[in-house]
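Student: So that you have it, the file is data28.tsv, and it contains TSV, C-alpha atoms and all ligand atoms:
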chain	number	residue	atom	x	y	z
A	1	MET	CA	15.51	57.70	37.08
A	2	LYS	CA	14.26	60.73	38.94
A	3	ALA	CA	16.48	62.24	41.67
A	4	VAL	CA	16.09	65.40	43.74
A	5	ARG	CA	19.54	66.92	44.03
A	6	LEU	CA	21.57	69.66	45.59
A	7	VAL	CA	22.99	71.50	42.59
A	8	GLU	CA	24.01	74.80	44.17
A	9	LEU	CA	24.63	75.51	47.86
A	10	GLY	CA	22.06	77.79	49.45
A	11	LYS	CA	19.56	77.18	46.63
A	12	PRO	CA	16.46	74.94	46.50
A	13	LEU	CA	17.03	71.30	45.50
A	14	LYS	CA	16.36	70.48	41.85
A	15	GLU	CA	14.73	67.53	40.15
A	16	GLU	CA	17.04	65.85	37.63
A	17	ASN	CA	16.94	62.82	35.41
A	18	VAL	CA	20.01	60.66	36.08
A	19	GLU	CA	21.21	57.18	35.14
A	20	VAL	CA	20.24	54.29	37.42
A	21	PRO	CA	23.60	53.53	39.12
A	22	ALA	CA	25.53	50.52	37.79
A	23	ILE	CA	26.55	48.14	40.57
A	24	GLY	CA	29.86	46.37	41.21
A	25	ALA	CA	30.36	42.82	42.51
A	26	SER	CA	29.96	43.79	46.20
A	27	ASP	CA	27.13	46.31	45.72
A	28	VAL	CA	23.37	46.23	46.03
A	29	LEU	CA	20.91	48.33	44.02
A	30	ILE	CA	17.88	49.27	46.10
A	31	ARG	CA	14.52	50.61	44.98
A	32	VAL	CA	13.84	53.39	47.51
A	33	MET	CA	10.48	52.89	49.28
A	34	ALA	CA	11.06	55.57	51.94
A	35	CYS	CA	13.77	58.15	52.55
A	36	GLY	CA	13.71	60.39	55.62
A	37	ILE	CA	14.16	64.14	55.29
A	38	CYS	CA	16.61	64.92	58.09
A	39	HIS	CA	17.48	68.17	59.80
A	40	SER	CA	21.08	67.73	58.62
A	41	ASP	CA	19.84	67.73	55.00
A	42	ALA	CA	18.68	71.31	55.59
A	43	HIS	CA	22.25	72.10	56.76
A	44	TYR	CA	23.73	70.54	53.61
A	45	ARG	CA	21.36	72.53	51.40
A	46	ALA	CA	22.20	75.76	53.22
A	47	GLY	CA	25.95	75.09	52.95
A	48	ILE	CA	26.38	75.06	56.76
A	49	SER	CA	27.91	71.54	56.69
A	50	PRO	CA	30.64	71.17	54.04
A	51	ILE	CA	29.72	69.34	50.83
A	52	GLU	CA	32.63	68.28	48.64
A	53	ARG	CA	30.99	67.63	45.32
A	54	LEU	CA	27.94	68.88	43.48
A	55	PRO	CA	25.50	67.95	42.16
A	56	LEU	CA	24.63	65.53	44.97
A	57	THR	CA	21.52	63.48	45.70
A	58	LEU	CA	20.75	64.01	49.41
A	59	GLY	CA	19.14	61.46	51.75
A	60	HIS	CA	20.80	59.16	54.30
A	61	GLU	CA	17.72	57.56	55.94
A	62	VAL	CA	16.75	54.89	53.47
A	63	ALA	CA	14.62	51.75	53.34
A	64	GLY	CA	13.56	49.88	50.25
A	65	LEU	CA	13.50	46.71	48.19
A	66	VAL	CA	16.54	44.97	46.77
A	67	GLU	CA	16.42	45.39	43.00
A	68	GLN	CA	19.74	43.81	42.02
A	69	THR	CA	22.78	42.34	43.81
A	70	GLY	CA	26.41	42.02	42.80
A	71	LYS	CA	27.76	38.47	42.54
A	72	GLU	CA	29.65	38.63	45.86
A	73	VAL	CA	26.54	39.62	47.84
A	74	THR	CA	24.92	36.62	49.52
A	75	HIS	CA	22.98	37.90	52.57
A	76	VAL	CA	20.16	39.58	50.63
A	77	ARG	CA	18.49	38.93	47.29
A	78	ARG	CA	16.12	40.60	44.86
A	79	GLY	CA	12.79	41.51	46.47
A	80	ASP	CA	14.08	41.56	50.08
A	81	ARG	CA	12.94	44.42	52.32
A	82	VAL	CA	16.03	46.25	53.61
A	83	CYS	CA	17.26	49.33	55.42
A	84	ILE	CA	20.64	51.00	54.97
A	85	HIS	CA	23.47	51.90	57.34
A	86	TYR	CA	24.38	55.39	56.15
A	87	LEU	CA	28.15	55.03	56.53
A	88	VAL	CA	29.96	53.37	53.66
A	89	HIS	CA	33.22	51.98	55.00
A	90	CYS	CA	36.13	50.03	53.55
A	91	GLY	CA	35.91	47.03	55.89
A	92	SER	CA	39.68	46.57	56.01
A	93	CYS	CA	41.40	49.62	57.55
A	94	GLU	CA	42.66	49.72	61.15
A	95	PHE	CA	39.35	51.12	62.46
A	96	CYS	CA	37.01	48.97	60.35
A	97	VAL	CA	38.80	45.82	61.55
A	98	ARG	CA	38.05	46.91	65.13
A	99	GLY	CA	34.34	47.48	64.31
A	100	LEU	CA	34.72	51.26	64.57
A	101	GLU	CA	33.73	52.09	61.04
A	102	GLN	CA	32.73	55.67	61.81
A	103	PHE	CA	36.50	56.36	61.92
A	104	CYS	CA	37.22	54.42	58.68
A	105	THR	CA	40.02	56.23	56.88
A	106	THR	CA	37.90	56.39	53.71
A	107	VAL	CA	34.45	56.61	55.31
A	108	GLN	CA	31.69	58.15	53.21
A	109	MET	CA	28.22	59.10	54.32
A	110	ILE	CA	25.45	58.46	51.82
A	111	GLY	CA	23.62	61.64	50.90
A	112	LYS	CA	26.66	63.71	51.86
A	113	HIS	CA	29.81	62.26	50.27
A	114	ARG	CA	28.00	60.09	47.72
A	115	ASP	CA	24.52	60.01	46.22
A	116	GLY	CA	21.74	59.27	48.69
A	117	GLY	CA	18.10	58.27	48.74
A	118	TYR	CA	16.18	61.28	47.36
A	119	ALA	CA	15.85	59.16	44.22
A	120	GLU	CA	14.11	56.13	42.81
A	121	PHE	CA	17.17	53.91	43.28
A	122	ILE	CA	20.34	53.95	45.36
A	123	LYS	CA	23.54	51.91	45.13
A	124	VAL	CA	25.30	50.86	48.35
A	125	PRO	CA	27.87	48.21	49.31
A	126	GLY	CA	26.33	44.97	50.55
A	127	ARG	CA	27.85	45.42	54.01
A	128	SER	CA	25.69	48.52	54.55
A	129	VAL	CA	22.45	46.62	53.81
A	130	PHE	CA	20.34	45.09	56.62
A	131	ARG	CA	17.17	43.00	56.36
A	132	LEU	CA	14.05	44.89	57.45
A	133	PRO	CA	11.46	42.57	59.05
A	134	ASP	CA	7.90	42.66	57.66
A	135	GLU	CA	6.66	44.03	61.02
A	136	ILE	CA	8.50	47.33	60.48
A	137	PRO	CA	7.01	49.64	57.84
A	138	PHE	CA	9.42	51.20	55.33
A	139	ASP	CA	8.93	54.73	56.71
A	140	VAL	CA	9.91	53.62	60.22
A	141	GLY	CA	12.79	51.53	58.82
A	142	ALA	CA	14.10	54.65	57.10
A	143	ILE	CA	13.95	57.14	59.99
A	144	MET	CA	15.32	54.58	62.48
A	145	MET	CA	18.60	54.50	60.58
A	146	CYS	CA	19.58	57.99	61.75
A	147	SER	CA	18.22	59.45	64.99
A	148	SER	CA	17.19	56.17	66.65
A	149	ALA	CA	20.49	54.49	65.77
A	150	THR	CA	22.47	57.42	67.13
A	151	ALA	CA	20.36	57.50	70.32
A	152	LEU	CA	21.15	53.82	70.86
A	153	HIS	CA	24.86	54.45	70.24
A	154	ALA	CA	24.78	57.25	72.84
A	155	LEU	CA	23.26	54.92	75.44
A	156	ASN	CA	25.82	52.26	74.58
A	157	LYS	CA	28.70	54.74	74.80
A	158	ALA	CA	27.36	55.87	78.19
A	159	ARG	CA	27.34	52.19	79.28
A	160	LEU	CA	23.80	52.41	80.65
A	161	LYS	CA	23.14	49.57	83.07
A	162	THR	CA	19.83	48.13	84.35
A	163	GLY	CA	18.25	50.30	87.00
A	164	GLU	CA	20.39	53.36	86.33
A	165	SER	CA	18.74	56.77	86.13
A	166	VAL	CA	18.91	58.84	82.95
A	167	ALA	CA	18.47	62.52	82.08
A	168	ILE	CA	17.71	63.36	78.44
A	169	PHE	CA	18.25	66.96	77.32
A	170	GLY	CA	15.96	67.67	74.36
A	171	PHE	CA	12.85	65.79	73.22
A	172	GLY	CA	13.09	65.98	69.42
A	173	GLY	CA	13.63	63.01	67.10
A	174	LEU	CA	16.71	61.82	69.03
A	175	GLY	CA	15.16	62.29	72.47
A	176	PHE	CA	11.97	60.54	71.47
A	177	SER	CA	13.98	57.44	70.51
A	178	ALA	CA	16.43	57.79	73.42
A	179	LEU	CA	13.61	57.70	75.98
A	180	GLN	CA	12.13	54.49	74.59
A	181	LEU	CA	15.51	52.82	74.06
A	182	ALA	CA	16.69	53.73	77.57
A	183	ARG	CA	13.57	52.07	78.93
A	184	ALA	CA	14.09	49.02	76.70
A	185	LEU	CA	17.63	48.74	78.09
A	186	GLY	CA	16.25	48.67	81.64
A	187	ALA	CA	16.79	52.25	82.80
A	188	GLY	CA	15.30	53.34	86.13
A	189	ASP	CA	13.91	56.87	86.43
A	190	ILE	CA	14.13	58.85	83.18
A	191	TYR	CA	14.09	62.66	83.31
A	192	VAL	CA	13.52	64.67	80.13
A	193	VAL	CA	14.52	68.34	80.00
A	194	GLU	CA	12.54	70.57	77.64
A	195	LEU	CA	11.33	74.15	77.26
A	196	ASN	CA	8.40	73.32	74.98
A	197	GLN	CA	5.13	72.65	76.86
A	198	LYS	CA	3.73	70.32	74.19
A	199	LYS	CA	6.85	68.16	74.36
A	200	LEU	CA	6.77	68.17	78.17
A	201	ALA	CA	3.20	66.87	77.95
A	202	ALA	CA	4.39	64.14	75.55
A	203	VAL	CA	7.10	63.17	78.07
A	204	ARG	CA	4.35	62.64	80.67
A	205	GLU	CA	2.45	60.42	78.22
A	206	PHE	CA	5.56	58.25	77.95
A	207	GLU	CA	5.57	57.99	81.75
A	208	ALA	CA	8.92	59.69	82.09
A	209	ILE	CA	9.60	62.65	84.39
A	210	PRO	CA	9.38	66.05	82.66
A	211	VAL	CA	11.82	68.75	83.74
A	212	ASP	CA	10.57	72.17	82.65
A	213	ALA	CA	13.65	74.27	81.92
A	214	ASN	CA	11.49	77.43	82.14
A	215	GLU	CA	11.26	76.81	85.89
A	216	GLY	CA	14.94	77.24	86.67
A	217	ASP	CA	18.25	75.40	86.21
A	218	PRO	CA	17.39	71.85	85.07
A	219	ALA	CA	20.55	70.41	86.67
A	220	GLU	CA	19.42	71.79	90.04
A	221	GLN	CA	15.90	70.46	89.47
A	222	ILE	CA	17.29	66.98	88.71
A	223	LYS	CA	19.59	67.08	91.75
A	224	HIS	CA	16.64	68.08	93.91
A	225	ALA	CA	14.41	65.33	92.48
A	226	THR	CA	17.08	62.68	93.14
A	227	GLY	CA	17.71	63.68	96.75
A	228	ASP	CA	20.88	65.59	95.79
A	229	LYS	CA	22.45	62.52	94.18
A	230	GLY	CA	22.07	63.25	90.46
A	231	VAL	CA	21.63	60.81	87.57
A	232	ASP	CA	23.89	57.99	86.39
A	233	VAL	CA	23.67	58.85	82.70
A	234	SER	CA	22.85	62.08	80.90
A	235	LEU	CA	22.41	62.59	77.15
A	236	GLU	CA	22.80	66.03	75.60
A	237	LEU	CA	20.88	66.02	72.31
A	238	ILE	CA	20.39	69.75	71.77
A	239	GLY	CA	23.84	71.04	70.82
A	240	SER	CA	24.38	73.99	73.14
A	241	ALA	CA	27.24	74.64	75.55
A	242	LYS	CA	24.75	75.63	78.22
A	243	THR	CA	22.80	72.35	78.18
A	244	MET	CA	26.05	70.36	77.85
A	245	HIS	CA	27.24	71.92	81.08
A	246	GLN	CA	23.89	71.13	82.69
A	247	ALA	CA	24.25	67.53	81.49
A	248	VAL	CA	27.58	67.33	83.35
A	249	ARG	CA	26.37	69.12	86.47
A	250	CYS	CA	23.33	66.83	86.93
A	251	LEU	CA	25.53	63.70	87.22
A	252	ALA	CA	25.76	61.45	90.26
A	253	PRO	CA	29.15	60.11	91.43
A	254	LEU	CA	30.53	57.89	88.59
A	255	GLY	CA	27.99	59.46	86.23
A	256	ARG	CA	28.53	59.60	82.46
A	257	ALA	CA	27.46	62.50	80.24
A	258	ALA	CA	27.16	61.58	76.55
A	259	LEU	CA	27.33	64.61	74.25
A	260	VAL	CA	25.49	64.12	70.95
A	261	GLY	CA	24.28	67.59	69.92
A	262	LEU	CA	26.59	69.61	67.68
A	263	THR	CA	27.90	73.04	68.57
A	264	ALA	CA	30.99	75.11	67.87
A	265	GLN	CA	30.66	76.86	71.24
A	266	SER	CA	33.17	76.23	74.05
A	267	MET	CA	32.08	74.83	77.37
A	268	SER	CA	33.79	75.51	80.69
A	269	ILE	CA	33.81	72.83	83.38
A	270	ALA	CA	34.97	73.14	86.99
A	271	PRO	CA	37.43	70.22	86.94
A	272	TYR	CA	37.45	69.39	90.62
A	273	SER	CA	33.84	69.82	91.69
A	274	GLU	CA	32.20	68.70	88.47
A	275	ILE	CA	34.46	65.89	87.23
A	276	ILE	CA	37.34	64.80	89.46
A	277	ASN	CA	35.82	64.37	92.88
A	278	ARG	CA	32.80	62.55	91.41
A	279	GLU	CA	34.86	60.52	88.90
A	280	ALA	CA	32.39	61.71	86.29
A	281	GLU	CA	32.96	61.12	82.57
A	282	VAL	CA	32.20	63.26	79.54
A	283	ILE	CA	31.83	61.11	76.42
A	284	GLY	CA	31.64	62.18	72.78
A	285	VAL	CA	29.14	60.38	70.53
A	286	SER	CA	29.45	60.37	66.76
A	287	ASP	CA	27.05	58.49	64.46
A	288	HIS	CA	26.58	54.80	65.27
A	289	LEU	CA	27.91	51.37	64.34
A	290	ALA	CA	26.69	48.76	61.89
A	291	ALA	CA	26.97	46.23	64.73
A	292	GLU	CA	24.30	48.13	66.70
A	293	LEU	CA	21.67	48.01	63.96
A	294	PRO	CA	20.46	44.40	64.45
A	295	SER	CA	19.51	45.12	68.09
A	296	LEU	CA	17.82	48.37	67.05
A	297	ILE	CA	15.80	46.54	64.38
A	298	GLU	CA	14.92	43.91	67.01
A	299	MET	CA	13.65	46.58	69.44
A	300	ALA	CA	11.48	48.13	66.72
A	301	MET	CA	10.15	44.71	65.71
A	302	SER	CA	9.18	43.84	69.28
A	303	GLY	CA	7.43	47.19	69.80
A	304	LYS	CA	9.92	48.53	72.36
A	305	LEU	CA	10.70	51.36	69.96
A	306	ARG	CA	7.49	52.78	68.53
A	307	PHE	CA	6.56	55.63	66.23
A	308	PRO	CA	2.86	56.34	66.83
A	309	SER	CA	0.73	57.12	63.78
A	310	GLY	CA	0.88	60.82	63.03
A	311	ILE	CA	4.56	61.12	63.87
A	312	VAL	CA	5.66	60.21	60.33
A	313	ARG	CA	4.20	61.99	57.31
A	314	ALA	CA	4.93	61.32	53.64
A	315	VAL	CA	5.68	63.48	50.60
A	316	ASP	CA	6.34	62.57	46.96
A	317	LEU	CA	9.76	62.49	45.32
A	318	ASP	CA	9.10	66.05	44.25
A	319	ALA	CA	11.49	69.01	44.57
A	320	VAL	CA	8.81	71.54	45.56
A	321	GLN	CA	7.43	69.36	48.36
A	322	ILE	CA	10.89	68.39	49.62
A	323	ASN	CA	12.17	71.97	49.62
A	324	SER	CA	9.17	73.13	51.63
A	325	ILE	CA	9.85	70.43	54.28
A	326	LEU	CA	13.52	71.50	54.43
A	327	ASP	CA	12.37	75.13	54.84
A	328	ALA	CA	10.19	74.05	57.77
A	329	LEU	CA	13.06	72.03	59.34
A	330	GLU	CA	15.22	75.17	59.37
A	331	LYS	CA	12.68	76.73	61.74
A	332	THR	CA	11.71	73.93	64.13
A	333	THR	CA	12.91	70.70	65.69
A	334	ASP	CA	9.67	68.87	66.48
A	335	GLN	CA	9.32	65.09	66.53
A	336	ILE	CA	7.28	64.92	63.35
A	337	ARG	CA	9.42	63.21	60.73
A	338	THR	CA	8.84	63.34	56.99
A	339	VAL	CA	9.73	60.60	54.55
A	340	ILE	CA	9.84	60.72	50.77
A	341	VAL	CA	7.85	57.91	49.20
A	342	PRO	CA	8.65	57.68	45.48
A	343	LYS	CA	5.61	56.73	43.39
A	401	ZN	ZN	19.40	61.97	59.54
A	402	ZN	ZN	37.81	51.37	56.86
Is it possible to express this structure as structure tokens?

Tutor:
Amino acid sequence: MKAVRLVELGKPLKEENVEVPAIGASDVLIRVMACGICHSDAHYRAGISPIERLPLTLGHEVAGLVEQTGKEVTHVRRGDRVCIHYLVHCGSCEFCVRGLEQFCTTVQMIGKHRDGGYAEFIKVPGRSVFRLPDEIPFDVGAIMMCSSATALHALNKARLKTGESVAIFGFGGLGFSALQLARALGAGDIYVVELNQKKLAAVREFEAIPVDANEGDPAEQIKHATGDKGVDVSLELIGSAKTMHQAVRCLAPLGRAALVGLTAQSMSIAPYSEIINREAEVIGVSDHLAAELPSLIEMAMSGKLRFPSGIVRAVDLDAVQINSILDALEKTTDQIRTVIVPK
């Protein structure tokens, strides 16, 4: 089969001919119908995020059709439409037993630790395979499995309750999903902090409250807009110490700041005024859980999570086209998502 692979760090991906993977008793072989090209794939290609073995087929946002199942797999069968949870976990370690598979002692991410979906076929364990309803197109099923799933996990970690106010820092792929999911979960006022005027206009179209960071400290703007109270939940999706601090400072008493964006910078917090006397919480968010995917799929099926036409574009399983999308991703973080559709 054809696969587009990372052969050398810092170099363009290469097209290779590889064997269709042989499956074990608990595995499923899936014919890839759509695989998202994610911003983190650009990091893997550049060598910014560590990759342990090469060559490696990238791609962790996958939807497709079941081609073959191992004899122990009973929940899906040949021809089923499916999407894939990108973490492959053991199912039996201390963390897996508690439903916290992102901490599995042998966890592997597809497209990072093992071959992913920039290929005609992918092999994954049955427990990572979820049915994709007919109402959800393959391209949406694929991109949902990364940014939307993580946005939902962030809202769950922040324990968002009906009627609570939310501030979202950053309106890229994560923020776009987070806004819709927060609303689906019953959020009250939703503020979205951005610098980009086009994205601020998009926030208005979603009937959320834009906060233009060009017009001064967003935390102060949010405090002002809430009558000095602040918001109950804030999500930092950008990955900068500055916006993380703003996400903490805009909190109301008992507020929860969920940090999702990645940065190696340090952040300083004033313990008394910013955390202690408001009993505020700062919560780390990493990936998402298999147990959260059924409700995510349900929200997409019922139209609560939507990807308007024009937000997803397609390319072929072709190294030149894929490399040029990865080049573009290194320069911008817009909401337009690209999926590979093998012919
Ligand atoms: Zn991704
Ligand atoms: Zn485990």

Student: Quick one: contact table of stretch 67-163 of chain A to stretch 314-323 of chain A, 12 Å max, nearest atom pair and distance in Å to one decimal per residue, counting only C-alpha atoms, chain and number order, as a Markdown table?

Tutor:
| residue | atom | partner | partner_atom | distance |
| --- | --- | --- | --- | --- |
| A:Gly117 | CA | A:Leu317 | CA | 10.0 |
| A:Tyr118 | CA | A:Leu317 | CA | 6.8 |
| A:Ala119 | CA | A:Leu317 | CA | 7.0 |
| A:Glu120 | CA | A:Leu317 | CA | 8.1 |
| A:Phe121 | CA | A:Leu317 | CA | 11.5 |
| A:Phe138 | CA | A:Ala314 | CA | 11.2 |
| A:Asp139 | CA | A:Ala314 | CA | 8.3 |
| A:Val140 | CA | A:Ala314 | CA | 11.3 |
| A:Ala142 | CA | A:Ala314 | CA | 11.9 |
| A:Ile143 | CA | A:Ala314 | CA | 11.8 |

Student: Using all atoms listed in the file, determine which residues lie at most 7 Å from stretch 285-297 of chain A, disregarding the query and same-chain residues fewer than 5 positions distant; provide the list as a PyMOL selection string.

Tutor: chain A and resi 85+100-102+149-150+153-154+258-260

Student: Write a file of the selected residues as a tab-separated table (two decimals), in the frame of the given file, keeping C-alpha atoms.

Tutor:
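What follows is the written file result_8.tsv:
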chain	number	residue	atom	x	y	z
A	85	HIS	CA	23.47	51.90	57.34
A	100	LEU	CA	34.72	51.26	64.57
A	101	GLU	CA	33.73	52.09	61.04
A	102	GLN	CA	32.73	55.67	61.81
A	149	ALA	CA	20.49	54.49	65.77
A	150	THR	CA	22.47	57.42	67.13
A	153	HIS	CA	24.86	54.45	70.24
A	154	ALA	CA	24.78	57.25	72.84
A	258	ALA	CA	27.16	61.58	76.55
A	259	LEU	CA	27.33	64.61	74.25
A	260	VAL	CA	25.49	64.12	70.95

Student: Taking into account all atoms listed in the file, which residue in the set A:Cys146, A:Val312, A:Ala300, A:Val129 is nearest to A:His39?

Tutor: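 Answer, going by the shortest atom-to-atom distance: A:Cys146.
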
Student: Taking only C-alpha atoms and all ligand atoms into account, which residues are within 8 Å of ligand ZN 401 (chain A), as a list in words?

Tutor: Gly36, Ile37, Cys38, His39, Ser40, Asp41, Gly59, His60, Glu61, Ile143, Met145, Cys146 and Ser147 of chain A

Student: What lies within 12 Å of A:Ala225 using only C-alpha atoms, ignoring chain neighbours under 5 positions off, as a PDB file with C-alpha atoms, in the frame of the given file?

Tutor:
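Printed below is out_11.pdb as written:
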ATOM      1  CA  SER A 165      18.740  56.770  86.130  1.00  0.00           C
ATOM      2  CA  ALA A 167      18.470  62.520  82.080  1.00  0.00           C
ATOM      3  CA  ASP A 189      13.910  56.870  86.430  1.00  0.00           C
ATOM      4  CA  ILE A 190      14.130  58.850  83.180  1.00  0.00           C
ATOM      5  CA  TYR A 191      14.090  62.660  83.310  1.00  0.00           C
ATOM      6  CA  ILE A 209       9.600  62.650  84.390  1.00  0.00           C
ATOM      7  CA  PRO A 210       9.380  66.050  82.660  1.00  0.00           C
ATOM      8  CA  VAL A 211      11.820  68.750  83.740  1.00  0.00           C
ATOM      9  CA  PRO A 218      17.390  71.850  85.070  1.00  0.00           C
ATOM     10  CA  ALA A 219      20.550  70.410  86.670  1.00  0.00           C
ATOM     11  CA  GLU A 220      19.420  71.790  90.040  1.00  0.00           C
ATOM     12  CA  GLY A 230      22.070  63.250  90.460  1.00  0.00           C
ATOM     13  CA  VAL A 231      21.630  60.810  87.570  1.00  0.00           C
ATOM     14  CA  CYS A 250      23.330  66.830  86.930  1.00  0.00           C
TER      15      CYS A 250
END

Student: Each residue of stretch 102-172 of chain A lying at most 10 Å from stretch 242-247 of chain A should get a row with its shortest atom-to-atom pair and the distance in Å to one decimal, counting only C-alpha atoms; could you produce that, ordered by chain and increasing number, as a tab-separated table?

Tutor:
residue	atom	partner	partner_atom	distance
A:Ala167	CA	A:Ala247	CA	7.7
A:Ile168	CA	A:Ala247	CA	8.3
A:Phe169	CA	A:Thr243	CA	7.1
A:Gly170	CA	A:Thr243	CA	9.1

Student: What does the distance from atom CA of A:Leu9 to atom CA of A:Ile336 come to in Å, to one decimal?

Tutor: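 Separation of atom CA of A:Leu9 and atom CA of A:Ile336: 25.6 Å.
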
Student: Applying 7 Å and only C-alpha atoms, which residues near A:Cys93 remain after dropping the ones on its own chain fewer than 3 positions away? List them as a list in words.

Tutor: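 Once the nearby chain positions are removed, what remains is Cys90, Cys96, Val97, Cys104 and Thr105 of chain A.
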
Student: What is the atom CA of A:Gly255-atom CA of A:Ala280 distance in Å, reported with one decimal?

Tutor: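 These two atoms are separated by 4.9 Å.
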
Student: Please compute the atom CA of A:Leu305-atom CA of A:Val124 distance, one decimal, in Å.

Tutor: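 The value is 26.1 Å.
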
Student: Which one is closest to ligand ZN 402 (chain A): A:Lys11, A:Arg77, A:His89, A:Lys331? Count only C-alpha atoms and all ligand atoms.

Tutor: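 The closest residue to ligand ZN 402 (chain A) is A:His89.
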
Student: Quick one: residues within 7 Å of A:Lys304, only C-alpha atoms, excluding same-chain residues fewer than 3 positions away - as a PDB file with C-alpha atoms, keeping the file's coordinate frame?

Tutor:
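Listing of part.pdb after writing:
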ATOM      1  CA  GLN A 180      12.130  54.490  74.590  1.00  0.00           C
ATOM      2  CA  ALA A 184      14.090  49.020  76.700  1.00  0.00           C
ATOM      3  CA  MET A 299      13.650  46.580  69.440  1.00  0.00           C
ATOM      4  CA  ALA A 300      11.480  48.130  66.720  1.00  0.00           C
TER       5      ALA A 300
END

Student: Considering only C-alpha atoms, give me a table of residues in stretch 119-223 of chain A that are at most 12 Å from stretch 70-73 of chain A, with the closest atom pair and distance in Å for each, as CSV.

Tutor:
residue,atom,partner,partner_atom,distance
A:Lys123,CA,A:Gly70,CA,10.6
A:Val124,CA,A:Gly70,CA,10.5
A:Pro125,CA,A:Val73,CA,8.8
A:Gly126,CA,A:Val73,CA,6.0
A:Arg127,CA,A:Val73,CA,8.6
A:Ser128,CA,A:Val73,CA,11.2
A:Val129,CA,A:Val73,CA,10.1
